[in-house]
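K.L.:
You'll find protein.txt just under this line, and it carries compact mmCIF, N, CA and C atoms.
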# COMPACT_ATOMS: atom_id res chain seq x y z
N GLN A 705 -35.11 -40.87 -77.25
CA GLN A 705 -34.31 -42.04 -76.95
C GLN A 705 -33.79 -41.94 -75.52
N VAL A 706 -33.89 -43.06 -74.80
CA VAL A 706 -33.45 -43.07 -73.42
C VAL A 706 -31.93 -43.17 -73.35
N GLN A 707 -31.37 -42.35 -72.48
CA GLN A 707 -29.93 -42.39 -72.26
C GLN A 707 -29.65 -42.23 -70.78
N LEU A 708 -28.79 -43.08 -70.26
CA LEU A 708 -28.33 -43.02 -68.88
C LEU A 708 -26.82 -42.85 -68.90
N VAL A 709 -26.33 -41.84 -68.19
CA VAL A 709 -24.90 -41.58 -68.17
C VAL A 709 -24.42 -41.58 -66.72
N GLU A 710 -23.63 -42.60 -66.39
CA GLU A 710 -23.09 -42.74 -65.04
C GLU A 710 -21.73 -42.04 -64.95
N SER A 711 -21.45 -41.51 -63.78
CA SER A 711 -20.16 -40.86 -63.54
C SER A 711 -19.86 -40.90 -62.05
N GLY A 712 -18.63 -40.52 -61.71
CA GLY A 712 -18.26 -40.40 -60.31
C GLY A 712 -17.41 -41.52 -59.77
N GLY A 713 -17.17 -42.53 -60.57
CA GLY A 713 -16.33 -43.62 -60.11
C GLY A 713 -14.88 -43.21 -60.01
N GLY A 714 -14.07 -44.12 -59.52
CA GLY A 714 -12.65 -43.84 -59.40
C GLY A 714 -11.96 -44.86 -58.52
N LEU A 715 -10.73 -44.55 -58.18
CA LEU A 715 -9.92 -45.40 -57.31
C LEU A 715 -9.92 -44.80 -55.91
N VAL A 716 -10.25 -45.61 -54.94
CA VAL A 716 -10.32 -45.13 -53.56
C VAL A 716 -9.79 -46.21 -52.63
N GLN A 717 -9.24 -45.81 -51.52
CA GLN A 717 -8.75 -46.77 -50.55
C GLN A 717 -9.91 -47.33 -49.73
N ALA A 718 -9.71 -48.51 -49.21
CA ALA A 718 -10.72 -49.11 -48.35
C ALA A 718 -11.06 -48.15 -47.20
N GLY A 719 -12.34 -48.04 -46.92
CA GLY A 719 -12.80 -47.12 -45.90
C GLY A 719 -13.20 -45.77 -46.45
N GLY A 720 -12.88 -45.51 -47.69
CA GLY A 720 -13.18 -44.24 -48.31
C GLY A 720 -14.61 -44.15 -48.82
N SER A 721 -14.90 -43.02 -49.47
CA SER A 721 -16.26 -42.76 -49.95
C SER A 721 -16.23 -42.27 -51.39
N LEU A 722 -17.30 -42.52 -52.08
CA LEU A 722 -17.53 -42.00 -53.42
C LEU A 722 -19.01 -41.74 -53.59
N THR A 723 -19.33 -40.80 -54.45
CA THR A 723 -20.72 -40.57 -54.83
C THR A 723 -20.85 -40.72 -56.33
N LEU A 724 -21.68 -41.64 -56.74
CA LEU A 724 -21.93 -41.87 -58.15
C LEU A 724 -23.16 -41.08 -58.58
N SER A 725 -23.14 -40.65 -59.83
CA SER A 725 -24.27 -39.93 -60.41
C SER A 725 -24.75 -40.63 -61.66
N CYS A 726 -26.03 -40.49 -61.93
CA CYS A 726 -26.62 -41.05 -63.14
C CYS A 726 -27.56 -40.00 -63.71
N ALA A 727 -27.15 -39.42 -64.83
CA ALA A 727 -27.96 -38.41 -65.50
C ALA A 727 -28.83 -39.11 -66.53
N ALA A 728 -30.13 -38.88 -66.43
CA ALA A 728 -31.07 -39.57 -67.31
C ALA A 728 -31.69 -38.60 -68.31
N SER A 729 -31.92 -39.09 -69.51
CA SER A 729 -32.67 -38.35 -70.51
C SER A 729 -33.59 -39.33 -71.22
N GLY A 730 -34.76 -38.83 -71.62
CA GLY A 730 -35.72 -39.71 -72.28
C GLY A 730 -36.53 -40.56 -71.32
N ILE A 731 -36.30 -40.36 -70.05
CA ILE A 731 -37.02 -41.10 -69.02
C ILE A 731 -37.05 -40.21 -67.78
N ARG A 732 -38.16 -40.19 -67.11
CA ARG A 732 -38.28 -39.38 -65.90
C ARG A 732 -38.06 -40.26 -64.68
N VAL A 733 -36.96 -40.03 -63.99
CA VAL A 733 -36.63 -40.89 -62.86
C VAL A 733 -37.62 -40.70 -61.72
N SER A 734 -38.33 -39.57 -61.72
CA SER A 734 -39.27 -39.32 -60.62
C SER A 734 -40.48 -40.24 -60.66
N VAL A 735 -40.78 -40.82 -61.82
CA VAL A 735 -41.98 -41.65 -61.94
C VAL A 735 -41.64 -43.12 -62.13
N LYS A 736 -40.37 -43.44 -62.00
CA LYS A 736 -39.92 -44.82 -62.19
C LYS A 736 -39.28 -45.35 -60.92
N ALA A 737 -39.37 -46.64 -60.74
CA ALA A 737 -38.53 -47.30 -59.74
C ALA A 737 -37.16 -47.48 -60.38
N MET A 738 -36.17 -46.87 -59.79
CA MET A 738 -34.82 -46.89 -60.34
C MET A 738 -33.89 -47.65 -59.42
N ALA A 739 -32.79 -48.09 -59.98
CA ALA A 739 -31.86 -48.88 -59.18
C ALA A 739 -30.44 -48.69 -59.65
N TRP A 740 -29.53 -48.99 -58.76
CA TRP A 740 -28.11 -49.07 -59.09
C TRP A 740 -27.73 -50.56 -59.10
N TYR A 741 -26.92 -50.90 -60.09
CA TYR A 741 -26.43 -52.25 -60.25
C TYR A 741 -24.91 -52.22 -60.32
N ARG A 742 -24.31 -53.36 -60.10
CA ARG A 742 -22.86 -53.45 -60.28
C ARG A 742 -22.51 -54.80 -60.84
N GLN A 743 -21.41 -54.82 -61.55
CA GLN A 743 -20.90 -56.07 -62.10
C GLN A 743 -19.39 -56.12 -61.92
N ALA A 744 -18.97 -57.08 -61.14
CA ALA A 744 -17.54 -57.30 -60.93
C ALA A 744 -17.03 -58.29 -61.98
N PRO A 745 -15.74 -58.28 -62.25
CA PRO A 745 -15.18 -59.21 -63.24
C PRO A 745 -15.52 -60.66 -62.92
N GLY A 746 -16.04 -61.36 -63.89
CA GLY A 746 -16.35 -62.77 -63.71
C GLY A 746 -17.61 -63.05 -62.93
N LYS A 747 -18.35 -62.00 -62.58
CA LYS A 747 -19.56 -62.19 -61.79
C LYS A 747 -20.76 -61.63 -62.53
N GLN A 748 -21.93 -62.09 -62.11
CA GLN A 748 -23.16 -61.57 -62.70
C GLN A 748 -23.48 -60.19 -62.16
N ARG A 749 -24.19 -59.45 -62.94
CA ARG A 749 -24.64 -58.15 -62.49
C ARG A 749 -25.62 -58.33 -61.34
N GLU A 750 -25.51 -57.48 -60.34
CA GLU A 750 -26.40 -57.55 -59.18
C GLU A 750 -26.94 -56.16 -58.87
N MET A 751 -28.14 -56.14 -58.34
CA MET A 751 -28.71 -54.87 -57.91
C MET A 751 -28.23 -54.58 -56.49
N VAL A 752 -27.76 -53.37 -56.27
CA VAL A 752 -27.26 -53.03 -54.94
C VAL A 752 -28.19 -52.08 -54.21
N ALA A 753 -28.95 -51.28 -54.93
CA ALA A 753 -29.85 -50.34 -54.27
C ALA A 753 -30.98 -49.96 -55.22
N SER A 754 -32.14 -49.74 -54.67
CA SER A 754 -33.28 -49.34 -55.48
C SER A 754 -34.12 -48.31 -54.74
N ARG A 755 -34.85 -47.56 -55.53
CA ARG A 755 -35.72 -46.54 -54.95
C ARG A 755 -36.97 -46.44 -55.81
N THR A 756 -38.12 -46.60 -55.19
CA THR A 756 -39.36 -46.50 -55.94
C THR A 756 -39.70 -45.02 -56.17
N SER A 757 -40.67 -44.78 -57.00
CA SER A 757 -41.11 -43.40 -57.25
C SER A 757 -41.68 -42.77 -55.98
N PHE A 758 -42.12 -43.60 -55.05
CA PHE A 758 -42.66 -43.09 -53.79
C PHE A 758 -41.57 -42.83 -52.75
N GLY A 759 -40.33 -43.26 -53.08
CA GLY A 759 -39.23 -43.01 -52.17
C GLY A 759 -38.83 -44.19 -51.30
N THR A 760 -39.48 -45.31 -51.48
CA THR A 760 -39.10 -46.50 -50.72
C THR A 760 -37.78 -47.04 -51.25
N THR A 761 -36.86 -47.27 -50.35
CA THR A 761 -35.53 -47.75 -50.75
C THR A 761 -35.31 -49.19 -50.29
N ASN A 762 -34.43 -49.84 -51.01
CA ASN A 762 -34.08 -51.22 -50.69
C ASN A 762 -32.62 -51.42 -51.03
N TYR A 763 -31.92 -52.18 -50.19
CA TYR A 763 -30.49 -52.37 -50.39
C TYR A 763 -30.12 -53.84 -50.30
N ALA A 764 -29.11 -54.21 -51.06
CA ALA A 764 -28.54 -55.54 -50.91
C ALA A 764 -27.90 -55.65 -49.53
N ASP A 765 -27.92 -56.83 -48.98
CA ASP A 765 -27.36 -57.02 -47.64
C ASP A 765 -25.91 -56.57 -47.57
N SER A 766 -25.19 -56.75 -48.66
CA SER A 766 -23.77 -56.45 -48.66
C SER A 766 -23.46 -54.97 -48.57
N VAL A 767 -24.45 -54.12 -48.85
CA VAL A 767 -24.18 -52.67 -48.85
C VAL A 767 -25.07 -51.91 -47.87
N ARG A 768 -26.03 -52.59 -47.30
CA ARG A 768 -26.96 -51.90 -46.39
C ARG A 768 -26.19 -51.26 -45.24
N GLY A 769 -26.53 -50.01 -44.98
CA GLY A 769 -25.87 -49.27 -43.92
C GLY A 769 -24.65 -48.50 -44.39
N ARG A 770 -24.18 -48.81 -45.60
CA ARG A 770 -23.02 -48.12 -46.15
C ARG A 770 -23.36 -47.29 -47.39
N PHE A 771 -24.31 -47.74 -48.17
CA PHE A 771 -24.70 -47.05 -49.40
C PHE A 771 -26.06 -46.38 -49.21
N THR A 772 -26.24 -45.26 -49.90
CA THR A 772 -27.52 -44.55 -49.88
C THR A 772 -27.89 -44.13 -51.29
N ILE A 773 -29.07 -44.52 -51.72
CA ILE A 773 -29.57 -44.13 -53.04
C ILE A 773 -30.45 -42.91 -52.88
N SER A 774 -30.32 -41.98 -53.82
CA SER A 774 -31.14 -40.78 -53.76
C SER A 774 -31.46 -40.31 -55.17
N ARG A 775 -32.27 -39.28 -55.24
CA ARG A 775 -32.78 -38.82 -56.53
C ARG A 775 -32.94 -37.32 -56.48
N ASP A 776 -32.67 -36.67 -57.58
CA ASP A 776 -32.91 -35.23 -57.73
C ASP A 776 -33.84 -35.06 -58.91
N ASN A 777 -35.10 -34.81 -58.63
CA ASN A 777 -36.08 -34.71 -59.71
C ASN A 777 -35.78 -33.55 -60.66
N ALA A 778 -35.33 -32.45 -60.10
CA ALA A 778 -35.06 -31.28 -60.93
C ALA A 778 -33.95 -31.55 -61.94
N LYS A 779 -32.99 -32.35 -61.52
CA LYS A 779 -31.87 -32.68 -62.42
C LYS A 779 -32.11 -33.99 -63.16
N ASN A 780 -33.23 -34.63 -62.87
CA ASN A 780 -33.54 -35.92 -63.49
C ASN A 780 -32.36 -36.88 -63.35
N SER A 781 -31.86 -36.97 -62.14
CA SER A 781 -30.65 -37.76 -61.88
C SER A 781 -30.82 -38.63 -60.64
N MET A 782 -30.07 -39.71 -60.65
CA MET A 782 -29.98 -40.61 -59.50
C MET A 782 -28.57 -40.55 -58.94
N TYR A 783 -28.45 -40.85 -57.65
CA TYR A 783 -27.14 -40.81 -56.99
C TYR A 783 -26.98 -42.05 -56.11
N LEU A 784 -25.72 -42.41 -55.90
CA LEU A 784 -25.41 -43.48 -54.96
C LEU A 784 -24.24 -43.02 -54.11
N GLN A 785 -24.53 -42.72 -52.87
CA GLN A 785 -23.49 -42.35 -51.92
C GLN A 785 -22.95 -43.64 -51.33
N MET A 786 -21.65 -43.83 -51.45
CA MET A 786 -21.01 -45.06 -50.98
C MET A 786 -19.97 -44.71 -49.93
N ASN A 787 -20.18 -45.20 -48.73
CA ASN A 787 -19.27 -44.97 -47.62
C ASN A 787 -18.65 -46.29 -47.17
N SER A 788 -17.59 -46.18 -46.41
CA SER A 788 -16.92 -47.37 -45.85
C SER A 788 -16.69 -48.43 -46.93
N LEU A 789 -16.14 -47.98 -48.03
CA LEU A 789 -15.96 -48.88 -49.16
C LEU A 789 -14.98 -50.01 -48.84
N LYS A 790 -15.27 -51.15 -49.44
CA LYS A 790 -14.47 -52.35 -49.24
C LYS A 790 -13.93 -52.83 -50.59
N PRO A 791 -12.83 -53.56 -50.59
CA PRO A 791 -12.32 -54.08 -51.87
C PRO A 791 -13.36 -54.87 -52.65
N GLU A 792 -14.25 -55.54 -51.96
CA GLU A 792 -15.28 -56.32 -52.65
C GLU A 792 -16.35 -55.47 -53.31
N ASP A 793 -16.30 -54.16 -53.09
CA ASP A 793 -17.21 -53.25 -53.79
C ASP A 793 -16.69 -52.90 -55.18
N THR A 794 -15.49 -53.34 -55.50
CA THR A 794 -14.90 -53.06 -56.80
C THR A 794 -15.75 -53.67 -57.90
N ALA A 795 -16.17 -52.83 -58.84
CA ALA A 795 -17.06 -53.27 -59.92
C ALA A 795 -17.34 -52.09 -60.84
N VAL A 796 -17.98 -52.38 -61.95
CA VAL A 796 -18.56 -51.33 -62.78
C VAL A 796 -20.00 -51.13 -62.31
N TYR A 797 -20.34 -49.88 -62.04
CA TYR A 797 -21.65 -49.55 -61.52
C TYR A 797 -22.52 -48.92 -62.60
N TYR A 798 -23.77 -49.35 -62.64
CA TYR A 798 -24.73 -48.87 -63.62
C TYR A 798 -26.02 -48.47 -62.92
N CYS A 799 -26.73 -47.55 -63.53
CA CYS A 799 -28.10 -47.30 -63.09
C CYS A 799 -29.04 -47.74 -64.20
N ASN A 800 -30.24 -48.06 -63.81
CA ASN A 800 -31.28 -48.46 -64.75
C ASN A 800 -32.58 -48.54 -63.97
N THR A 801 -33.64 -48.91 -64.64
CA THR A 801 -34.90 -49.10 -63.94
C THR A 801 -34.80 -50.35 -63.05
N ASP A 802 -35.65 -50.41 -62.06
CA ASP A 802 -35.73 -51.59 -61.20
C ASP A 802 -36.51 -52.66 -61.94
N ARG A 803 -35.83 -53.73 -62.29
CA ARG A 803 -36.41 -54.76 -63.14
C ARG A 803 -37.64 -55.42 -62.53
N ARG A 804 -37.82 -55.27 -61.25
CA ARG A 804 -38.99 -55.86 -60.61
C ARG A 804 -40.26 -55.11 -60.97
N TYR A 805 -40.10 -53.89 -61.48
CA TYR A 805 -41.27 -53.06 -61.76
C TYR A 805 -41.36 -52.66 -63.24
N HIS A 806 -40.18 -52.55 -63.90
CA HIS A 806 -40.16 -52.04 -65.26
C HIS A 806 -39.19 -52.85 -66.10
N ASP A 807 -39.39 -52.81 -67.40
CA ASP A 807 -38.38 -53.35 -68.30
C ASP A 807 -37.15 -52.45 -68.23
N TYR A 808 -35.99 -53.04 -68.47
CA TYR A 808 -34.78 -52.23 -68.54
C TYR A 808 -34.86 -51.26 -69.72
N VAL A 809 -34.21 -50.13 -69.56
CA VAL A 809 -33.99 -49.21 -70.68
C VAL A 809 -32.55 -49.41 -71.13
N ASN A 810 -32.12 -48.62 -72.10
CA ASN A 810 -30.76 -48.76 -72.62
C ASN A 810 -29.73 -48.62 -71.50
N TRP A 811 -28.80 -49.53 -71.42
CA TRP A 811 -27.75 -49.43 -70.41
C TRP A 811 -26.73 -48.38 -70.81
N GLY A 812 -26.25 -47.66 -69.81
CA GLY A 812 -25.18 -46.72 -70.04
C GLY A 812 -23.84 -47.44 -70.05
N GLN A 813 -22.78 -46.65 -70.06
CA GLN A 813 -21.44 -47.24 -70.12
C GLN A 813 -20.96 -47.67 -68.74
N GLY A 814 -21.65 -47.21 -67.71
CA GLY A 814 -21.24 -47.54 -66.35
C GLY A 814 -20.07 -46.70 -65.90
N THR A 815 -19.75 -46.80 -64.62
CA THR A 815 -18.61 -46.09 -64.07
C THR A 815 -17.84 -47.06 -63.17
N GLN A 816 -16.53 -47.09 -63.36
CA GLN A 816 -15.69 -48.06 -62.66
C GLN A 816 -15.38 -47.57 -61.25
N VAL A 817 -15.60 -48.43 -60.29
CA VAL A 817 -15.20 -48.18 -58.91
C VAL A 817 -14.18 -49.23 -58.52
N THR A 818 -13.03 -48.76 -58.09
CA THR A 818 -11.97 -49.67 -57.65
C THR A 818 -11.57 -49.30 -56.23
N VAL A 819 -11.65 -50.27 -55.34
CA VAL A 819 -11.33 -50.04 -53.94
C VAL A 819 -10.07 -50.85 -53.60
N SER A 820 -9.04 -50.15 -53.22
CA SER A 820 -7.78 -50.82 -52.89
C SER A 820 -7.73 -51.13 -51.40
N SER A 821 -7.06 -52.21 -51.08
CA SER A 821 -6.96 -52.61 -49.66
C SER A 821 -5.75 -52.00 -48.99
What's the structure tokens form of this structure?

P.N.:
Amino acid sequence: QVQLVESGGGLVQAGGSLTLSCAASGIRVSVKAMAWYRQAPGKQREMVASRTSFGTTNYADSVRGRFTISRDNAKNSMYLQMNSLKPEDTAVYYCNTDRRYHDYVNWGQGTQVTVSS
């Protein structure tokens, strides 16, 4: 059974940094196009960063230059380094497959990121 467990969120001041982690089981992140998504209250879920199995990355305009997606094959985990955080980055963050290439797998519980101004 596929399981994704996100962690690393928290409360941070604007301009601060956080690194999110996504531990995967039942799926090999090294052979999948994976992505990070976020959902703010009252808004639709959006993809913020993706990484193909070949290492090609893509970012939403709103986070490009501030966020970095990475992968650790040995740990079967995905990461999202977030720098220069803004209040508008406040959301619950999730990892999952990149829907452009694969069907979604089971969603994890997500991790809350709150950026204070």

K.L.:
Can you tell me, as a list in words, what residues are no more than 7 Å from segment 760-777 of chain A when counting all atoms listed in the file, ignoring any on the same chain fewer than 3 positions away?

P.N.:
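Surrounding residues, per the criterion: Val733, Ser734, Met751, Val752, Ala753, Ser754, Arg755, Thr756, Ser757, Asn780, Ser781, Met782, Tyr783, Leu784, Gln785, Met786, Asn787 and Ser788 of chain A.
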
K.L.:
Please produce a file of those selected residues containing N, CA and C atoms, as a PDB file, in the frame of the given file.

P.N.:
ATOM      1  N   VAL A 733     -36.960 -40.030 -63.990  1.00  0.00           N
ATOM      2  CA  VAL A 733     -36.630 -40.890 -62.860  1.00  0.00           C
ATOM      3  C   VAL A 733     -37.620 -40.700 -61.720  1.00  0.00           C
ATOM      4  N   SER A 734     -38.330 -39.570 -61.720  1.00  0.00           N
ATOM      5  CA  SER A 734     -39.270 -39.320 -60.620  1.00  0.00           C
ATOM      6  C   SER A 734     -40.480 -40.240 -60.660  1.00  0.00           C
ATOM      7  N   MET A 751     -28.140 -56.140 -58.340  1.00  0.00           N
ATOM      8  CA  MET A 751     -28.710 -54.870 -57.910  1.00  0.00           C
ATOM      9  C   MET A 751     -28.230 -54.580 -56.490  1.00  0.00           C
ATOM     10  N   VAL A 752     -27.760 -53.370 -56.270  1.00  0.00           N
ATOM     11  CA  VAL A 752     -27.260 -53.030 -54.940  1.00  0.00           C
ATOM     12  C   VAL A 752     -28.190 -52.080 -54.210  1.00  0.00           C
ATOM     13  N   ALA A 753     -28.950 -51.280 -54.930  1.00  0.00           N
ATOM     14  CA  ALA A 753     -29.850 -50.340 -54.270  1.00  0.00           C
ATOM     15  C   ALA A 753     -30.980 -49.960 -55.220  1.00  0.00           C
ATOM     16  N   SER A 754     -32.140 -49.740 -54.670  1.00  0.00           N
ATOM     17  CA  SER A 754     -33.280 -49.340 -55.480  1.00  0.00           C
ATOM     18  C   SER A 754     -34.120 -48.310 -54.740  1.00  0.00           C
ATOM     19  N   ARG A 755     -34.850 -47.560 -55.530  1.00  0.00           N
ATOM     20  CA  ARG A 755     -35.720 -46.540 -54.950  1.00  0.00           C
ATOM     21  C   ARG A 755     -36.970 -46.440 -55.810  1.00  0.00           C
ATOM     22  N   THR A 756     -38.120 -46.600 -55.190  1.00  0.00           N
ATOM     23  CA  THR A 756     -39.360 -46.500 -55.940  1.00  0.00           C
ATOM     24  C   THR A 756     -39.700 -45.020 -56.170  1.00  0.00           C
ATOM     25  N   SER A 757     -40.670 -44.780 -57.000  1.00  0.00           N
ATOM     26  CA  SER A 757     -41.110 -43.400 -57.250  1.00  0.00           C
ATOM     27  C   SER A 757     -41.680 -42.770 -55.980  1.00  0.00           C
ATOM     28  N   ASN A 780     -33.230 -34.630 -62.870  1.00  0.00           N
ATOM     29  CA  ASN A 780     -33.540 -35.920 -63.490  1.00  0.00           C
ATOM     30  C   ASN A 780     -32.360 -36.880 -63.350  1.00  0.00           C
ATOM     31  N   SER A 781     -31.860 -36.970 -62.140  1.00  0.00           N
ATOM     32  CA  SER A 781     -30.650 -37.760 -61.880  1.00  0.00           C
ATOM     33  C   SER A 781     -30.820 -38.630 -60.640  1.00  0.00           C
ATOM     34  N   MET A 782     -30.070 -39.710 -60.650  1.00  0.00           N
ATOM     35  CA  MET A 782     -29.980 -40.610 -59.500  1.00  0.00           C
ATOM     36  C   MET A 782     -28.570 -40.550 -58.940  1.00  0.00           C
ATOM     37  N   TYR A 783     -28.450 -40.850 -57.650  1.00  0.00           N
ATOM     38  CA  TYR A 783     -27.140 -40.810 -56.990  1.00  0.00           C
ATOM     39  C   TYR A 783     -26.980 -42.050 -56.110  1.00  0.00           C
ATOM     40  N   LEU A 784     -25.720 -42.410 -55.900  1.00  0.00           N
ATOM     41  CA  LEU A 784     -25.410 -43.480 -54.960  1.00  0.00           C
ATOM     42  C   LEU A 784     -24.240 -43.020 -54.110  1.00  0.00           C
ATOM     43  N   GLN A 785     -24.530 -42.720 -52.870  1.00  0.00           N
ATOM     44  CA  GLN A 785     -23.490 -42.350 -51.920  1.00  0.00           C
ATOM     45  C   GLN A 785     -22.950 -43.640 -51.330  1.00  0.00           C
ATOM     46  N   MET A 786     -21.650 -43.830 -51.450  1.00  0.00           N
ATOM     47  CA  MET A 786     -21.010 -45.060 -50.980  1.00  0.00           C
ATOM     48  C   MET A 786     -19.970 -44.710 -49.930  1.00  0.00           C
ATOM     49  N   ASN A 787     -20.180 -45.200 -48.730  1.00  0.00           N
ATOM     50  CA  ASN A 787     -19.270 -44.970 -47.620  1.00  0.00           C
ATOM     51  C   ASN A 787     -18.650 -46.290 -47.170  1.00  0.00           C
ATOM     52  N   SER A 788     -17.590 -46.180 -46.410  1.00  0.00           N
ATOM     53  CA  SER A 788     -16.920 -47.370 -45.850  1.00  0.00           C
ATOM     54  C   SER A 788     -16.690 -48.430 -46.930  1.00  0.00           C
TER      55      SER A 788
END

K.L.:
Compile the contact shell of Gln705 of chain A as a list in words: residues with an atom at most 8 Å away, counting all atoms listed in the file, same-chain residues fewer than 4 positions apart removed.

P.N.:
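So the residues in contact are Ser729, Gly730, Ile731 and Asn810 of chain A.
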
K.L.:
Given all atoms listed in the file as the basis, pick out the residue of A:Val809, A:Leu722, A:Val819, A:Ala737 nearest to Lys790 of chain A.

P.N.:
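For Lys790 of chain A, the nearest of the given residues is A:Val819.
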
K.L.:
Just the number, please: distance in Å from atom CA of Ala728 of chain A to atom CA of Arg804 of chain A, one decimal.

P.N.:
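Between atom CA of Ala728 of chain A and atom CA of Arg804 of chain A the gap works out to 19.3 Å.
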
K.L.:
How many Å lie between atom N of Cys799 of chain A and atom C of Ser821 of chain A, rounded to one decimal?

P.N.:
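So the two atoms, atom N of Cys799 of chain A and atom C of Ser821 of chain A, lie 25.9 Å apart.
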
K.L.:
Give me, as a ChimeraX atom specification, the residues of chain A that a backbone DSSP run labels strand (DSSP E).

P.N.:
/A:707-711,714-717,722-729,738-743,750-755,761-763,771-776,781-786,795-801,815-820

K.L.:
May I have the residues at most 6 Å from (-22.5, -49.5, -59.4) in the file's coordinates, counting only N, CA and C atoms, as a ChimeraX atom specification?

P.N.:
/A:740-743,795-798

K.L.:
So how far away is atom C of Trp811 of chain A from atom N of Gln717 of chain A, in Å?

P.N.:
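Those two atoms sit 26.2 Å apart.
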
K.L.:
Fewer than 2 positions away in the same chain doesn't count, so skip those; otherwise give me all residues within 5 Å of Asn800 of chain A, counting only N, CA and C atoms, as a list in words.

P.N.:
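Close residues of Asn800 of chain A: Met738, Ala739, Tyr798 and Asp802 of chain A.
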
K.L.:
With only N, CA and C atoms as the basis for distance, which of A:Lys747, A:Thr794, A:Gly812, A:Ser820 is at the shortest distance from Gln707 of chain A?

P.N.:
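Selected residue with least distance to Gln707 of chain A: A:Gly812.
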
K.L.:
Ranking A:Glu750, A:Glu710, A:Asp793, A:Asp807 by minimum distance to Leu724 of chain A and counting all atoms listed in the file, which one comes first?

P.N.:
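Using all atoms listed in the file, Leu724 of chain A sits closest to A:Glu710.
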
K.L.:
Output as AutoDock Vina command-line options the centre and edge lengths (Å, one decimal) of the box along x, y and z of the file that holds every listed atom of segment 729-748 of chain A after adding 5 Å on each side.

P.N.:
--center_x -28.6 --center_y -50.7 --center_z -65.5 --size_x 36.8 --size_y 34.7 --size_z 23.5

K.L.:
Out of A:Lys736, A:Pro791, A:Gly814, A:Cys726, which residue has the shortest atom-to-atom distance to Arg749 of chain A when counting only C-alpha atoms?

P.N.:
A:Gly814
